[in-house]
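Here is the file work03.txt (compact mmCIF, C-alpha atoms).
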```
# COMPACT_ATOMS: atom_id res chain seq x y z
CA MET A 1 17.49 -8.36 12.13
CA SER A 2 14.31 -7.31 10.46
CA VAL A 3 11.94 -10.00 11.71
CA SER A 4 8.80 -8.08 12.62
CA GLU A 5 5.12 -8.51 13.21
CA ASP A 6 4.20 -7.12 9.78
CA ARG A 7 5.62 -6.79 6.30
CA THR A 8 7.32 -3.48 6.91
CA VAL A 9 11.11 -3.61 6.96
CA GLN A 10 12.27 -2.45 10.37
CA PRO A 11 15.60 -0.63 10.45
CA SER A 12 17.85 -1.37 13.38
CA PRO A 13 17.60 0.82 16.48
CA THR A 14 20.93 2.41 15.61
CA THR A 15 20.05 3.43 12.06
CA ALA A 16 17.37 5.50 10.45
CA GLY A 17 15.90 5.43 6.99
CA PRO A 18 12.83 4.48 5.00
CA ALA A 19 11.81 0.93 4.13
CA THR A 20 13.48 -0.24 0.92
CA GLY A 21 10.63 -2.35 -0.45
CA ILE A 22 12.74 -5.54 -0.72
CA ALA A 23 11.86 -8.75 1.09
CA ASP A 24 13.17 -9.22 4.60
CA PRO A 25 16.41 -11.28 4.37
CA ALA A 26 16.42 -12.14 8.09
CA PRO A 27 14.33 -15.36 7.83
CA LEU A 28 16.83 -16.78 5.34
CA GLY A 29 19.78 -15.84 7.52
CA LEU A 30 18.16 -17.31 10.61
CA ALA A 31 17.22 -20.54 8.83
CA ALA A 32 20.77 -20.94 7.52
CA PHE A 33 22.19 -20.33 10.97
CA ALA A 34 19.70 -22.71 12.58
CA LEU A 35 20.28 -25.69 10.31
CA THR A 36 24.07 -25.56 10.45
CA THR A 37 24.00 -25.02 14.21
CA PHE A 38 21.66 -27.98 14.60
CA LEU A 39 23.93 -30.32 12.63
CA LEU A 40 27.08 -29.38 14.56
CA SER A 41 25.25 -29.37 17.89
CA ALA A 42 23.82 -32.83 17.23
CA LYS A 43 27.39 -34.03 16.79
CA ASN A 44 28.52 -32.26 19.97
CA ALA A 45 25.60 -33.74 21.89
CA GLY A 46 26.69 -37.24 20.86
CA TRP A 47 23.62 -37.96 18.73
CA MET A 48 25.46 -38.93 15.54
CA THR A 49 26.66 -42.32 16.70
CA HIS A 50 25.94 -43.95 13.33
CA ALA A 51 27.11 -41.05 11.15
CA THR A 52 30.46 -39.54 10.21
CA GLY A 53 29.71 -36.47 12.31
CA ASN A 54 30.83 -34.20 9.48
CA SER A 55 27.42 -33.57 7.90
CA TRP A 56 27.64 -29.95 9.10
CA LEU A 57 30.82 -29.21 7.14
CA GLY A 58 29.42 -28.73 3.64
CA TYR A 59 26.56 -26.65 4.99
CA ALA A 60 29.01 -24.49 6.93
CA PHE A 61 30.16 -23.28 3.52
CA ALA A 62 26.97 -23.35 1.46
CA TYR A 63 24.09 -22.55 3.82
CA GLY A 64 25.29 -21.31 7.19
CA GLY A 65 28.13 -19.57 5.39
CA VAL A 66 27.21 -18.24 1.95
CA ALA A 67 23.42 -17.96 2.40
CA GLN A 68 23.77 -16.23 5.76
CA LEU A 69 26.47 -13.91 4.44
CA LEU A 70 24.22 -12.96 1.52
CA ALA A 71 21.40 -12.24 3.98
CA GLY A 72 23.77 -9.96 5.84
CA MET A 73 24.65 -8.07 2.67
CA TRP A 74 20.95 -7.55 1.92
CA GLU A 75 20.50 -6.23 5.44
CA PHE A 76 22.97 -3.50 4.47
CA ARG A 77 20.60 -2.70 1.60
CA ASN A 78 17.80 -2.52 4.16
CA ARG A 79 19.86 -0.05 6.23
CA ASN A 80 19.76 -2.55 9.10
CA VAL A 81 23.16 -2.37 10.76
CA PHE A 82 22.26 -4.94 13.43
CA GLY A 83 21.13 -7.62 10.97
CA ALA A 84 24.03 -6.93 8.60
CA THR A 85 26.56 -7.25 11.40
CA ALA A 86 24.97 -10.37 12.88
CA PHE A 87 24.47 -12.30 9.64
CA GLY A 88 27.71 -11.08 8.10
CA THR A 89 29.68 -12.17 11.16
CA TYR A 90 28.07 -15.56 11.68
CA GLY A 91 28.05 -16.35 7.97
CA SER A 92 31.78 -15.68 8.02
CA PHE A 93 32.07 -17.72 11.23
CA TRP A 94 30.75 -20.83 9.51
CA ILE A 95 32.95 -20.35 6.46
CA GLY A 96 35.95 -19.75 8.71
CA LEU A 97 35.18 -22.81 10.83
CA GLY A 98 34.91 -24.95 7.72
CA LEU A 99 38.22 -23.62 6.41
CA TRP A 100 39.85 -24.23 9.80
CA VAL A 101 38.79 -27.90 9.64
CA GLN A 102 40.04 -28.29 6.07
CA LEU A 103 43.25 -26.26 6.32
CA VAL A 104 44.30 -26.87 9.93
CA VAL A 105 42.54 -29.85 11.53
CA ASN A 106 42.79 -32.40 8.73
CA PRO A 107 46.45 -31.70 7.83
CA ALA A 108 47.48 -31.64 11.50
CA VAL A 109 45.83 -34.98 12.23
CA ALA A 110 47.26 -36.52 9.07
CA ALA A 111 50.76 -35.38 10.03
CA ALA A 112 50.65 -37.03 13.47
CA ARG A 113 52.89 -40.09 13.31
CA THR A 114 52.63 -41.55 16.81
CA PRO A 115 49.84 -41.96 19.37
CA ALA A 116 51.57 -39.41 21.60
CA GLY A 117 51.89 -37.01 18.70
CA LEU A 118 48.23 -37.46 17.83
CA ALA A 119 47.20 -36.79 21.44
CA ALA A 120 49.25 -33.59 21.52
CA THR A 121 47.77 -32.51 18.18
CA VAL A 122 44.19 -33.11 19.30
CA ALA A 123 44.81 -31.21 22.54
CA ALA A 124 46.18 -28.25 20.58
CA LEU A 125 43.22 -28.33 18.19
CA ASN A 126 40.77 -28.37 21.08
CA HIS A 127 42.50 -25.29 22.46
CA ASP A 128 42.31 -23.65 19.03
CA LEU A 129 38.56 -24.14 19.02
CA GLY A 130 38.32 -22.85 22.58
CA TRP A 131 40.00 -19.59 21.52
CA ILE A 132 37.73 -19.28 18.47
CA LEU A 133 34.63 -19.72 20.61
CA LEU A 134 35.92 -17.27 23.21
CA ALA A 135 36.40 -14.62 20.52
CA PHE A 136 32.89 -15.10 19.16
CA ALA A 137 31.42 -15.13 22.67
CA ILE A 138 32.91 -11.66 23.17
CA PHE A 139 31.28 -10.47 19.93
CA ASN A 140 28.01 -12.15 20.84
CA THR A 141 27.95 -10.43 24.24
CA TYR A 142 27.48 -6.94 22.85
CA MET A 143 25.10 -8.22 20.16
CA LEU A 144 23.07 -9.85 22.96
CA ILE A 145 22.88 -6.52 24.79
CA LEU A 146 21.80 -4.70 21.62
CA SER A 147 19.27 -7.42 20.71
CA THR A 148 17.17 -6.26 23.67
CA GLN A 149 16.12 -3.41 21.36
CA VAL A 150 14.99 -5.70 18.49
CA ASN A 151 12.40 -8.19 19.75
CA LEU A 152 12.07 -11.07 22.21
CA ALA A 153 12.61 -13.82 19.64
CA VAL A 154 15.89 -12.35 18.37
CA PHE A 155 17.00 -11.80 21.97
CA GLY A 156 16.27 -15.49 22.61
CA VAL A 157 18.53 -16.49 19.71
CA PHE A 158 21.46 -14.46 21.02
CA LEU A 159 20.88 -15.52 24.63
CA THR A 160 20.91 -19.25 23.88
CA LEU A 161 23.84 -18.76 21.52
CA GLU A 162 25.79 -16.92 24.22
CA ILE A 163 25.27 -19.81 26.63
CA THR A 164 26.24 -22.33 23.94
CA GLU A 165 29.47 -20.53 23.09
CA ILE A 166 30.51 -20.14 26.73
CA ILE A 167 29.87 -23.80 27.56
CA LEU A 168 31.66 -25.05 24.44
CA CYS A 169 34.55 -22.66 25.05
CA ILE A 170 35.03 -24.08 28.55
CA GLY A 171 34.53 -27.61 27.27
CA ASN A 172 37.14 -27.34 24.54
CA PHE A 173 39.74 -25.72 26.79
CA ALA A 174 39.22 -28.55 29.30
CA ALA A 175 38.96 -31.38 26.75
CA GLY A 176 42.68 -32.16 26.57
CA ALA A 177 43.31 -34.89 24.02
CA ALA A 178 39.69 -36.10 23.98
CA VAL A 179 38.47 -36.93 20.48
CA LEU A 180 34.87 -37.70 21.43
CA PRO A 181 32.68 -35.00 23.03
CA THR A 182 33.24 -34.64 26.76
CA THR A 183 30.33 -34.15 29.16
CA THR A 184 30.72 -30.36 29.03
CA ILE A 185 30.78 -30.36 25.23
CA LYS A 186 27.70 -32.60 25.18
CA ILE A 187 25.89 -30.09 27.39
CA GLY A 188 26.95 -27.35 24.98
CA GLY A 189 25.59 -29.48 22.16
CA TYR A 190 22.17 -29.71 23.79
CA VAL A 191 22.07 -25.96 24.38
CA GLY A 192 23.16 -25.51 20.76
CA ILE A 193 20.21 -27.61 19.63
CA LEU A 194 17.96 -25.32 21.67
CA THR A 195 19.62 -22.33 19.97
CA ALA A 196 18.85 -23.83 16.56
CA LEU A 197 15.20 -24.38 17.51
CA VAL A 198 14.83 -20.78 18.71
CA ALA A 199 16.44 -19.52 15.48
CA TRP A 200 14.16 -21.73 13.38
CA TYR A 201 11.13 -20.39 15.20
CA THR A 202 12.27 -16.81 14.64
CA SER A 203 12.84 -17.57 10.96
CA MET A 204 9.39 -19.15 10.70
CA ALA A 205 7.84 -16.09 12.33
CA GLY A 206 9.58 -13.85 9.82
CA VAL A 207 8.34 -15.90 6.87
CA SER A 208 4.77 -16.07 8.21
CA ASN A 209 4.64 -12.35 8.83
CA GLY A 210 6.37 -11.57 5.56
CA ILE A 211 3.73 -13.31 3.45
CA ALA A 212 0.96 -11.51 5.40
CA GLY A 213 -1.22 -14.62 5.56
CA LYS A 214 -3.69 -15.71 8.21
CA VAL A 215 -1.12 -17.78 10.10
CA ARG A 216 1.19 -15.55 12.12
CA PHE A 217 3.78 -16.33 14.79
CA PRO A 218 4.63 -13.66 17.36
CA VAL A 219 8.18 -12.48 17.98
CA GLY A 220 7.45 -10.35 21.03
CA ARG A 221 8.25 -6.77 21.80
CA PRO A 222 11.74 -5.42 22.48
CA LEU A 223 12.86 -5.74 26.08
CA ILE A 224 14.12 -2.15 25.84
CA SER A 225 12.16 0.31 23.74
```
Represent the structure contained in this file as structure tokens.
Amino acid sequence: MSVSEDRTVQPSPTTAGPATGIADPAPLGLAAFALTTFLLSAKNAGWMTHATGNSWLGYAFAYGGVAQLLAGMWEFRNRNVFGATAFGTYGSFWIGLGLWVQLVVNPAVAAARTPAGLAATVAALNHDLGWILLAFAIFNTYMLILSTQVNLAVFGVFLTLEITEIILCIGNFAAGAAVLPTTTIKIGGYVGILTALVAWYTSMAGVSNGIAGKVRFPVGRPLIS
């Protein structure tokens, strides 16, 4: 990710090359990730008691998905392999999660004919989501390690996201046939909200530093440099 303390595009620690002269796409990718994460995490935390709880779904395709994926493709143009991999993966994560709901969850629930069948279906779907989160937690682990070479703010995003994914993975594997968020999933929702706030801050810092105005927000130095 190219969020930096000035307007210069910073290539990732594993690539080399001159600045391209295009705007930093990282603030867009971070904002897209933050908003979609916030909406889903608010549902997981049990905040959406007077809402459908599906407000995140459209934005999983349009903002967290497409906008973040586009940011990742522009990071390739910036010769930033870290940002391209992060935004490309999590943009695809949101699109994939939205497709999973539409193509797997909704048809499976609609096909359940009895209360027992519905309970078995929900339990299987919770396990599906547990496996998805486990897979992305594995990916996020090595991105977390490598983020120590970017800056403190980006490291904070991956650290809180790692904790979120682990808690939600455990929560979904243990949820059984629960339809409403369990205590563990609610805890994961609160940590997810924290993740969104850290990502929003990092996005804001990137925008403020990108416009080179008087108001700047620090992102901190890399933990390993």
Could you list, with a cut-off of 12 Å and counting all atoms listed in the file, the residues of stretch 71-143 of chain A near stretch 183-202 of chain A, each shown with its nearest atom pair and the distance in Å rounded to one decimal, rows sorted by chain and ascending number, as a tab-separated table?
```
residue	atom	partner	partner_atom	distance
A:Asn126	CA	A:Ile185	CA	11.0
A:Leu129	CA	A:Ile185	CA	11.7
A:Gly130	CA	A:Ile185	CA	11.0
A:Leu133	CA	A:Gly188	CA	11.7
```
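Using only C-alpha atoms, the shortest contact distance between A:Pro222 and any of A:Met204, A:Ala67, A:Val154, A:Met143 is found at A:Val154.
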Q) Which residue out of A:Phe82, A:Phe87, A:Ala175, A:Pro218 has the minimum interatomic distance to A:Gly206 when all atoms listed in the file are used? A) A:Pro218
Q. Quick one: distance from atom CA of A:Ala26 to atom CA of A:Leu134 in Å, one decimal?
A. 25.2 Å
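Nearest to A:Trp100 of all the residues A:Phe139, A:Phe33, A:Phe61, A:Phe76 is A:Phe61, counting all atoms listed in the file.
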Q.
What's around A:Pro107 at 12 Å? Count only C-alpha atoms, leave out sequence neighbours fewer than 6 positions away in its own chain, and write the answer as a ChimeraX atom specification.
A. /A:99-101,113,118,121-122,125
Those residues with C-alpha atoms, as a PDB file, in the frame of the given file please?
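Saved result, result-v7.pdb, follows:
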```
ATOM      1  CA  LEU A  99      38.220 -23.620   6.410  1.00  0.00           C
ATOM      2  CA  TRP A 100      39.850 -24.230   9.800  1.00  0.00           C
ATOM      3  CA  VAL A 101      38.790 -27.900   9.640  1.00  0.00           C
ATOM      4  CA  ARG A 113      52.890 -40.090  13.310  1.00  0.00           C
ATOM      5  CA  LEU A 118      48.230 -37.460  17.830  1.00  0.00           C
ATOM      6  CA  THR A 121      47.770 -32.510  18.180  1.00  0.00           C
ATOM      7  CA  VAL A 122      44.190 -33.110  19.300  1.00  0.00           C
ATOM      8  CA  LEU A 125      43.220 -28.330  18.190  1.00  0.00           C
TER       9      LEU A 125
END
```
Q | Separation of atom CA of A:Thr89 from atom CA of A:Gly29, in Å and rounded to one decimal | A | 11.2 Å
(Q) What does the structure give for the distance between atom CA of A:Tyr142 and atom CA of A:Ala34, in Å to one decimal? (A) 20.4 Å
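Counting all atoms listed in the file and comparing A:Val66, A:Leu168, A:Ala153, A:Ala174, the residue that lies closest to A:Arg221 is A:Ala153.
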Q: For A:Ala178, work out the shell of residues within 8 Å, counting all atoms listed in the file and skipping chain neighbours fewer than 2 positions away, then give it as a list of chain:residue names.
A: A:Ala119, A:Val122, A:Ala123, A:Ala175, A:Gly176, A:Leu180, A:Pro181, A:Thr182
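Each of A:Ala135, A:Ala177, A:Ala60, A:Leu159 was compared to A:Gly117 using all atoms listed in the file, and A:Ala177 turns out to be the nearest.
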Q: Compile the contact shell of A:Ala51 as a VMD selection string: residues with an atom at most 12 Å away, counting only C-alpha atoms, same-chain residues fewer than 5 positions apart removed.
A: chain A and resid 39 42 to 43 46 56
Q: Neighbourhood query: residues within 10 Å of (27.6, -17.1, 26.4), file coordinates, counting only C-alpha atoms; return as a PyMOL selection string.
A: chain A and resi 133-134+136-141+144+158-169
Export C-alpha atoms of the chosen residues as a short mmCIF file (atom, residue, chain, number, x, y, z; two decimals), in the frame of the given file?
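Result written to result.cif:
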```cif
data_model
loop_
_atom_site.label_atom_id
_atom_site.label_comp_id
_atom_site.auth_asym_id
_atom_site.auth_seq_id
_atom_site.Cartn_x
_atom_site.Cartn_y
_atom_site.Cartn_z
CA LEU A 133 34.63 -19.72 20.61
CA LEU A 134 35.92 -17.27 23.21
CA PHE A 136 32.89 -15.10 19.16
CA ALA A 137 31.42 -15.13 22.67
CA ILE A 138 32.91 -11.66 23.17
CA PHE A 139 31.28 -10.47 19.93
CA ASN A 140 28.01 -12.15 20.84
CA THR A 141 27.95 -10.43 24.24
CA LEU A 144 23.07 -9.85 22.96
CA PHE A 158 21.46 -14.46 21.02
CA LEU A 159 20.88 -15.52 24.63
CA THR A 160 20.91 -19.25 23.88
CA LEU A 161 23.84 -18.76 21.52
CA GLU A 162 25.79 -16.92 24.22
CA ILE A 163 25.27 -19.81 26.63
CA THR A 164 26.24 -22.33 23.94
CA GLU A 165 29.47 -20.53 23.09
CA ILE A 166 30.51 -20.14 26.73
CA ILE A 167 29.87 -23.80 27.56
CA LEU A 168 31.66 -25.05 24.44
CA CYS A 169 34.55 -22.66 25.05
#
```
